[in-house]
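Undergrad: My structure is in my_file.cif, and what it holds is mmCIF, C-alpha atoms:
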```cif
data_target
loop_
_atom_site.label_atom_id
_atom_site.label_comp_id
_atom_site.auth_asym_id
_atom_site.auth_seq_id
_atom_site.Cartn_x
_atom_site.Cartn_y
_atom_site.Cartn_z
CA MET A 770 -22.44 8.11 -5.55
CA ALA A 771 -19.73 7.73 -3.07
CA SER A 772 -20.65 7.26 0.54
CA ALA A 773 -18.84 6.64 3.78
CA LEU A 774 -19.44 4.36 6.71
CA ILE A 775 -17.90 5.51 9.98
CA ASN A 776 -17.80 3.67 13.27
CA VAL A 777 -16.81 5.83 16.26
CA PRO A 778 -17.95 5.14 19.83
CA LYS A 779 -20.55 7.73 20.89
CA LYS A 780 -19.22 7.90 24.43
CA ALA A 781 -15.82 7.31 25.96
CA LYS A 782 -13.97 7.92 29.21
CA ARG A 783 -11.18 10.50 29.10
CA GLY A 784 -7.92 8.79 28.25
CA ASP A 785 -9.56 5.72 26.72
CA ILE A 786 -8.01 4.32 23.55
CA ILE A 787 -10.83 4.10 21.02
CA GLU A 788 -10.95 2.27 17.71
CA ILE A 789 -12.21 4.11 14.64
CA LYS A 790 -13.36 2.14 11.59
CA THR A 791 -13.93 3.81 8.25
CA LEU A 792 -15.15 2.53 4.91
CA MET A 793 -15.48 4.63 1.77
CA SER A 794 -17.31 3.26 -1.23
CA HIS A 795 -14.94 3.62 -4.19
CA ILE A 796 -13.97 1.45 -7.16
CA MET A 797 -10.17 1.84 -6.60
CA GLU A 798 -9.43 1.15 -10.28
CA THR A 799 -5.76 0.16 -10.33
CA GLY A 800 -4.80 1.47 -13.79
CA TYR A 801 -3.26 -1.91 -14.62
CA ARG A 802 -6.37 -3.66 -15.90
CA ARG A 803 -7.27 -3.89 -19.59
CA THR A 804 -10.62 -4.18 -21.33
CA ALA A 805 -11.36 -7.10 -23.67
CA THR A 806 -10.12 -4.91 -26.56
CA GLY A 807 -6.78 -4.36 -24.86
CA GLU A 808 -7.19 -0.75 -23.75
CA LEU A 809 -5.79 0.18 -20.36
CA VAL A 810 -8.48 1.32 -17.90
CA PRO A 811 -7.28 4.65 -16.45
CA ARG A 812 -6.33 4.72 -12.78
CA ASP A 813 -9.02 6.00 -10.41
CA ILE A 814 -8.09 5.52 -6.77
CA ILE A 815 -8.27 7.33 -3.45
CA THR A 816 -4.74 8.57 -2.77
CA SER A 817 -5.10 10.16 0.65
CA PHE A 818 -7.17 9.72 3.79
CA SER A 819 -7.00 11.84 6.92
CA CYS A 820 -8.77 12.13 10.25
CA ARG A 821 -8.87 15.28 12.38
CA TYR A 822 -10.03 15.33 16.00
CA ASN A 823 -11.35 18.80 16.87
CA GLY A 824 -9.25 20.24 14.07
CA VAL A 825 -6.00 18.42 14.93
CA GLU A 826 -4.83 15.70 12.59
CA VAL A 827 -4.53 12.37 14.46
CA PHE A 828 -4.22 9.98 11.53
CA ARG A 829 -3.29 10.13 7.86
CA ALA A 830 -2.70 7.53 5.16
CA ASP A 831 -1.35 7.46 1.61
CA LEU A 832 -3.11 4.81 -0.43
CA PHE A 833 -1.87 2.98 -3.53
CA PRO A 834 -3.60 0.76 -6.11
CA ALA A 835 -2.82 -2.24 -3.87
CA ILE A 836 -5.56 -1.12 -1.45
CA ALA A 837 -8.74 -3.12 -2.12
CA ALA A 838 -11.90 -1.54 -3.54
CA ASN A 839 -14.04 0.32 -0.99
CA PRO A 840 -11.05 1.21 1.22
CA PHE A 841 -11.56 0.02 4.77
CA ILE A 842 -9.18 1.57 7.28
CA THR A 843 -9.19 1.21 11.03
CA PHE A 844 -6.94 2.96 13.52
CA PHE A 845 -6.86 4.05 17.15
CA THR A 846 -6.84 7.35 18.98
CA VAL A 847 -6.99 8.56 22.58
CA ALA A 848 -10.31 10.14 23.62
CA THR A 849 -9.16 13.49 25.01
CA GLU A 850 -12.22 15.73 24.86
CA SER A 851 -15.78 15.87 23.56
CA GLY A 852 -16.04 17.04 20.02
CA LYS A 853 -15.97 16.01 16.42
CA PHE A 854 -13.96 13.78 14.11
CA ASP A 855 -13.60 15.01 10.53
CA PHE A 856 -12.67 12.48 7.89
CA GLU A 857 -11.50 13.35 4.41
CA TRP A 858 -10.78 11.19 1.36
CA ILE A 859 -8.98 12.67 -1.67
CA GLY A 860 -8.47 10.80 -4.91
CA ASP A 861 -7.93 10.79 -8.66
CA GLN A 862 -10.21 12.61 -11.09
CA GLY A 863 -11.12 15.28 -8.57
CA PHE A 864 -12.57 12.90 -5.97
CA THR A 865 -13.08 14.45 -2.53
CA GLU A 866 -15.44 13.22 0.13
CA THR A 867 -15.83 14.19 3.76
CA ALA A 868 -17.65 12.73 6.75
CA SER A 869 -17.80 13.53 10.44
CA ALA A 870 -18.75 11.88 13.71
CA ALA A 871 -19.35 13.26 17.19
CA ILE A 872 -18.02 11.88 20.47
CA SER A 873 -18.79 12.79 24.07
CA VAL A 874 -15.96 12.26 26.53
CA GLU A 875 -16.61 12.06 30.26
CA MET B 444 41.14 -17.82 -49.05
CA HIS B 445 38.43 -16.38 -51.26
CA GLU B 446 37.74 -12.83 -50.37
CA PRO B 447 34.01 -12.92 -51.30
CA LYS B 448 33.36 -15.95 -49.10
CA ASN B 449 34.97 -14.27 -46.15
CA SER B 450 32.97 -11.09 -46.57
CA SER B 451 29.72 -13.00 -46.92
CA ARG B 452 30.55 -14.93 -43.78
CA ARG B 453 31.23 -11.64 -42.10
CA GLN B 454 27.96 -10.26 -43.40
CA PHE B 455 26.15 -13.33 -42.17
CA LEU B 456 27.73 -13.04 -38.74
CA SER B 457 26.92 -9.35 -38.45
CA LEU B 458 23.37 -10.02 -39.61
CA ALA B 459 22.99 -12.85 -37.16
CA GLY B 460 24.46 -10.67 -34.44
CA SER B 461 22.11 -7.78 -35.10
CA ALA B 462 19.17 -10.19 -35.34
CA ALA B 463 20.15 -11.59 -31.99
CA VAL B 464 20.34 -8.06 -30.57
CA MET B 465 16.97 -7.17 -32.08
CA GLY B 466 15.60 -10.38 -30.70
CA VAL B 467 16.83 -9.53 -27.23
CA ILE B 468 15.58 -5.94 -27.02
CA PRO B 469 11.84 -6.70 -27.35
CA ILE B 470 12.12 -9.34 -24.63
CA VAL B 471 13.57 -6.72 -22.30
CA THR B 472 10.92 -4.09 -23.09
CA VAL B 473 7.97 -6.47 -22.93
CA THR B 474 8.57 -7.60 -19.35
CA PRO B 475 5.18 -7.82 -17.62
CA ALA B 476 4.10 -5.06 -15.23
CA GLU B 477 5.35 -6.63 -12.03
CA ALA B 478 7.39 -5.25 -9.19
CA THR B 479 10.66 -7.08 -8.68
CA PRO B 480 12.58 -7.65 -5.45
CA ALA B 481 14.85 -4.83 -6.69
CA MET B 482 11.84 -2.45 -6.92
CA LEU B 483 10.78 -3.54 -3.45
CA ALA B 484 14.26 -2.79 -2.14
CA SER B 485 14.34 0.64 -3.78
CA ALA B 486 10.84 1.50 -2.48
CA ILE B 487 12.03 0.61 1.01
CA ARG B 488 15.19 2.70 0.49
CA ASN B 489 12.99 5.68 -0.44
CA VAL B 490 11.39 5.47 3.00
CA VAL B 491 14.29 4.55 5.26
CA GLY B 492 17.14 6.32 3.41
CA THR B 493 20.49 5.13 4.67
CA ALA B 494 19.24 4.09 8.11
CA THR B 495 19.61 0.47 9.12
CA VAL B 496 16.39 -1.51 9.44
CA GLN B 497 16.12 -3.83 12.43
CA THR B 498 13.78 -6.77 12.77
CA GLY B 499 11.29 -6.99 15.60
CA LYS B 500 8.74 -4.81 17.44
CA ILE B 501 6.34 -5.04 14.50
CA LYS B 502 3.83 -7.73 13.59
CA ILE B 503 1.75 -8.47 10.47
CA ASP B 504 -1.56 -10.30 10.78
CA VAL B 505 -2.56 -11.66 7.41
CA PRO B 506 -4.08 -14.99 6.39
CA PRO B 507 -1.29 -17.33 5.18
CA LEU B 508 -3.51 -18.64 2.38
CA VAL B 509 -6.15 -16.55 0.61
CA GLU B 510 -8.53 -17.63 -2.12
CA ASN B 511 -9.19 -14.17 -3.52
CA GLY B 512 -6.36 -11.67 -3.84
CA ASN B 513 -8.82 -8.81 -4.39
CA THR B 514 -9.49 -8.29 -0.68
CA VAL B 515 -6.97 -9.57 1.81
CA PRO B 516 -7.45 -8.38 5.39
CA LEU B 517 -4.23 -6.98 6.83
CA THR B 518 -3.44 -5.76 10.34
CA VAL B 519 -0.09 -4.28 11.35
CA THR B 520 0.74 -3.83 15.03
CA VAL B 521 3.82 -2.20 16.51
CA THR B 522 4.89 -2.68 20.11
CA SER B 523 5.25 0.85 21.46
CA PRO B 524 4.18 2.73 24.60
CA MET B 525 2.88 5.55 22.34
CA THR B 526 3.89 8.36 24.69
CA GLU B 527 5.11 11.87 23.78
CA ASN B 528 8.73 10.68 23.91
CA ASP B 529 8.39 7.23 22.41
CA TYR B 530 5.86 6.64 19.67
CA VAL B 531 5.44 5.24 16.18
CA LYS B 532 5.61 7.95 13.53
CA SER B 533 4.56 5.88 10.55
CA ILE B 534 3.91 2.38 9.25
CA HIS B 535 4.78 1.57 5.64
CA VAL B 536 3.51 -1.56 3.89
CA PHE B 537 5.17 -2.99 0.77
CA ASN B 538 4.70 -6.02 -1.44
CA GLU B 539 6.96 -7.97 -3.72
CA LYS B 540 4.99 -8.87 -6.85
CA ASN B 541 2.14 -6.40 -7.45
CA PRO B 542 2.70 -3.98 -10.36
CA GLN B 543 3.76 -1.37 -7.77
CA PRO B 544 5.81 -2.13 -4.65
CA ASN B 545 3.89 0.27 -2.36
CA VAL B 546 0.70 -0.73 -0.58
CA GLY B 547 0.14 2.12 1.86
CA ASN B 548 1.76 4.59 4.24
CA PHE B 549 0.04 5.23 7.56
CA TYR B 550 1.02 8.19 9.75
CA LEU B 551 0.41 7.99 13.48
CA GLY B 552 1.36 10.08 16.50
CA PRO B 553 1.41 10.04 20.29
CA ARG B 554 -2.34 10.69 20.21
CA SER B 555 -2.94 7.36 18.47
CA GLY B 556 -2.70 5.51 21.81
CA ARG B 557 -2.12 2.19 20.10
CA ALA B 558 0.11 1.61 17.08
CA GLN B 559 -2.18 -0.63 15.10
CA ILE B 560 -3.83 -0.23 11.70
CA SER B 561 -6.06 -2.52 9.65
CA THR B 562 -7.06 -2.39 6.03
CA ARG B 563 -7.83 -4.65 3.08
CA ILE B 564 -5.29 -5.04 0.33
CA ARG B 565 -4.92 -6.55 -3.14
CA LEU B 566 -2.34 -9.19 -3.98
CA ALA B 567 -1.54 -10.03 -7.60
CA ASP B 568 0.36 -13.20 -6.77
CA THR B 569 1.66 -15.47 -4.05
CA GLN B 570 4.24 -13.23 -2.45
CA LYS B 571 5.93 -11.59 0.50
CA ILE B 572 4.55 -8.56 2.32
CA VAL B 573 6.92 -6.27 4.20
CA ALA B 574 5.90 -3.78 6.89
CA ILE B 575 8.28 -1.14 8.23
CA ALA B 576 7.68 1.08 11.26
CA ARG B 577 9.42 4.41 11.80
CA LEU B 578 9.75 5.27 15.49
CA SER B 579 10.04 8.73 17.02
CA ASP B 580 13.72 8.08 17.84
CA GLY B 581 14.43 7.62 14.13
CA SER B 582 14.88 3.85 14.18
CA PHE B 583 13.23 1.53 11.67
CA TRP B 584 11.80 -1.91 12.40
CA SER B 585 10.57 -4.40 9.87
CA VAL B 586 8.80 -7.71 9.50
CA SER B 587 7.69 -9.77 6.53
CA ALA B 588 4.92 -12.29 5.95
CA ASP B 589 4.29 -14.75 3.13
CA VAL B 590 0.85 -15.09 1.60
CA VAL B 591 -0.27 -17.79 -0.84
CA VAL B 592 -2.87 -16.42 -3.29
CA THR B 593 -4.98 -18.77 -5.41
CA LEU B 594 -6.94 -16.12 -7.38
CA ALA B 595 -4.87 -13.07 -8.26
CA ALA B 596 -6.01 -9.44 -8.22
CA CYS B 597 -5.10 -6.29 -10.14
CA THR B 598 -4.32 -7.49 -13.62
CA GLU B 599 -7.38 -9.48 -14.63
CA GLU B 600 -9.51 -8.42 -17.59
CA VAL B 601 -12.42 -6.02 -17.16
CA ILE B 602 -15.62 -7.74 -18.22
#
```
What does the file become when written as structure tokens?
TA:
Amino acid sequence: MASALINVPKKAKRGDIIEIKTLMSHIMETGYRRTATGELVPRDIITSFSCRYNGVEVFRADLFPAIAANPFITFFTVATESGKFDFEWIGDQGFTETASAAISVE
Amino acid sequence: MHEPKNSSRRQFLSLAGSAAVMGVIPIVTVTPAEATPAMLASAIRNVVGTATVQTGKIKIDVPPLVENGNTVPLTVTVTSPMTENDYVKSIHVFNEKNPQPNVGNFYLGPRSGRAQISTRIRLADTQKIVAIARLSDGSFWSVSADVVVTLAACTEEVI
């Protein structure tokens, strides 16, 4: 069961630069590893991550097998208004997961 | 000269030649899954096109020596005012010796406020990491960092 950890400040002053930390639990199987019998383990990674702030995309990332298991991504954004952050992870084998966090801006 | 001797010598030479060719081909096809500096260069070309890449403005924070290549903390920072007219559009991270040259592409905008991203990456070998920033004016800036890895990631056996 995949699950996300999100760290967004609950409150911020308007115009503040805030740091957002995200962690999604995922195996990130590279597709280059073999089992003891020599079979290639099929690739199973998260390929795309995005963050929208009140519906507007503020950050996006393309991920490759070189990203470690349980992808941890941090980035910054300017606190412009109170509202909601929507996070979305999309990956191989039909993987999609979403999470959201609220912020109040004074 | 004895005709038969000559022809057998010829046969031997052609056999030896084809054996040598056959011996060479498998070596070429059985190269291990590893990105080469040429693959790194072509992956970078795919991002920057024909633009010239300048050095500076961008910084990689990565430990110079890591014990475990499975999770290597990486922070990339670009010096930019991050205003509507002058901001970092994207940060691209590449490596030299993993099976694939790409590590990640990160897309920012003027709303990012600060051009800095952090993540954790995998490194299959002691190698060079390259980060390239694309600015809103269309210029590209790059930096590289060397990391020594004692336990490699990616290609080990599944237990």
Undergrad: I need the chain A residues near chain B as a CSV table (one decimal) with C-alpha atoms, in the frame of the given file; criterion: at most 9 Å, counting all atoms listed in the file.
TA:
```
chain,number,residue,atom,x,y,z
A,784,GLY,CA,-7.9,8.8,28.2
A,785,ASP,CA,-9.6,5.7,26.7
A,786,ILE,CA,-8.0,4.3,23.6
A,787,ILE,CA,-10.8,4.1,21.0
A,790,LYS,CA,-13.4,2.1,11.6
A,798,GLU,CA,-9.4,1.2,-10.3
A,799,THR,CA,-5.8,0.2,-10.3
A,800,GLY,CA,-4.8,1.5,-13.8
A,801,TYR,CA,-3.3,-1.9,-14.6
A,802,ARG,CA,-6.4,-3.7,-15.9
A,803,ARG,CA,-7.3,-3.9,-19.6
A,804,THR,CA,-10.6,-4.2,-21.3
A,805,ALA,CA,-11.4,-7.1,-23.7
A,807,GLY,CA,-6.8,-4.4,-24.9
A,810,VAL,CA,-8.5,1.3,-17.9
A,827,VAL,CA,-4.5,12.4,14.5
A,828,PHE,CA,-4.2,10.0,11.5
A,829,ARG,CA,-3.3,10.1,7.9
A,830,ALA,CA,-2.7,7.5,5.2
A,831,ASP,CA,-1.4,7.5,1.6
A,832,LEU,CA,-3.1,4.8,-0.4
A,833,PHE,CA,-1.9,3.0,-3.5
A,834,PRO,CA,-3.6,0.8,-6.1
A,835,ALA,CA,-2.8,-2.2,-3.9
A,836,ILE,CA,-5.6,-1.1,-1.4
A,837,ALA,CA,-8.7,-3.1,-2.1
A,838,ALA,CA,-11.9,-1.5,-3.5
A,839,ASN,CA,-14.0,0.3,-1.0
A,840,PRO,CA,-11.0,1.2,1.2
A,841,PHE,CA,-11.6,0.0,4.8
A,842,ILE,CA,-9.2,1.6,7.3
A,843,THR,CA,-9.2,1.2,11.0
A,844,PHE,CA,-6.9,3.0,13.5
A,845,PHE,CA,-6.9,4.0,17.2
A,846,THR,CA,-6.8,7.4,19.0
A,847,VAL,CA,-7.0,8.6,22.6
A,848,ALA,CA,-10.3,10.1,23.6
A,849,THR,CA,-9.2,13.5,25.0
```
Undergrad: Take atom CA of Ser873 of chain A and atom CA of Arg783 of chain A and report the distance between them in Å, one decimal.
TA: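 Answer for the atom CA of Ser873 of chain A to atom CA of Arg783 of chain A separation: 9.4 Å.
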Undergrad: For a test of reading the model, state the distance in Å between atom CA of Ile814 of chain A and atom CA of Glu866 of chain A, rounded to one decimal.
TA: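 Spanning atom CA of Ile814 of chain A to atom CA of Glu866 of chain A is a straight-line distance of 12.7 Å.
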Undergrad: Just the number, please: distance in Å from atom CA of Glu857 of chain A to atom CA of Cys820 of chain A, one decimal.
TA: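 Taking atom CA of Glu857 of chain A as the start and atom CA of Cys820 of chain A as the end point, the length is 6.6 Å.
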Undergrad: Could you list, as a list in words, every residue within 8 Å of Ala870 of chain A, counting only C-alpha atoms and ignoring same-chain residues fewer than 5 positions away?
TA: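 Those residues are Ile775, Val777, Lys853, Phe854 and Asp855 of chain A.
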Undergrad: Next, write the just-selected residues to a file, as a tab-separated table (two decimals), in the coordinates of the input, keeping C-alpha atoms as the atom set.
TA:
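The result, stored in out.tsv:
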```tsv
chain	number	residue	atom	x	y	z
A	775	ILE	CA	-17.90	5.51	9.98
A	777	VAL	CA	-16.81	5.83	16.26
A	853	LYS	CA	-15.97	16.01	16.42
A	854	PHE	CA	-13.96	13.78	14.11
A	855	ASP	CA	-13.60	15.01	10.53
```
Undergrad: Just give me the residues with any atom within 8 Å of (-12.9, 5.7, -11.0), file coordinates, counting all atoms listed in the file, written as a count of residues only.
TA: 10
Undergrad: Is there a way to complete segment 545-559 of chain B with N, CA and C atoms and then write that out as a short mmCIF file (atom, residue, chain, number, x, y, z; two decimals), keeping the file's coordinate frame?
TA:
```
data_model
loop_
_atom_site.label_atom_id
_atom_site.label_comp_id
_atom_site.auth_asym_id
_atom_site.auth_seq_id
_atom_site.Cartn_x
_atom_site.Cartn_y
_atom_site.Cartn_z
N ASN B 545 4.52 -0.35 -3.53
CA ASN B 545 3.89 0.27 -2.36
C ASN B 545 2.46 -0.25 -2.16
N VAL B 546 2.08 -0.39 -0.91
CA VAL B 546 0.70 -0.73 -0.58
C VAL B 546 0.04 0.45 0.13
N GLY B 547 0.69 0.97 1.15
CA GLY B 547 0.14 2.12 1.86
C GLY B 547 1.12 2.65 2.88
N ASN B 548 0.99 3.96 3.17
CA ASN B 548 1.76 4.59 4.24
C ASN B 548 0.76 5.12 5.25
N PHE B 549 0.97 4.82 6.53
CA PHE B 549 0.04 5.23 7.56
C PHE B 549 0.79 6.05 8.60
N TYR B 550 0.31 7.27 8.86
CA TYR B 550 1.02 8.19 9.75
C TYR B 550 0.29 8.30 11.08
N LEU B 551 1.00 7.97 12.15
CA LEU B 551 0.41 7.99 13.48
C LEU B 551 1.12 9.05 14.32
N GLY B 552 0.73 9.13 15.59
CA GLY B 552 1.36 10.08 16.50
C GLY B 552 1.12 9.65 17.92
N PRO B 553 1.62 10.42 18.88
CA PRO B 553 1.41 10.04 20.29
C PRO B 553 -0.07 10.00 20.65
N ARG B 554 -0.91 10.71 19.91
CA ARG B 554 -2.34 10.69 20.21
C ARG B 554 -3.04 9.43 19.71
N SER B 555 -2.31 8.59 18.98
CA SER B 555 -2.94 7.36 18.47
C SER B 555 -3.25 6.38 19.60
N GLY B 556 -2.45 6.40 20.67
CA GLY B 556 -2.70 5.51 21.81
C GLY B 556 -2.22 4.09 21.57
N ARG B 557 -2.56 3.54 20.41
CA ARG B 557 -2.12 2.19 20.10
C ARG B 557 -1.64 2.19 18.65
N ALA B 558 -0.46 1.62 18.43
CA ALA B 558 0.11 1.61 17.08
C ALA B 558 -0.38 0.39 16.33
N GLN B 559 -1.60 0.49 15.85
CA GLN B 559 -2.18 -0.63 15.10
C GLN B 559 -3.09 -0.09 14.00
#
```
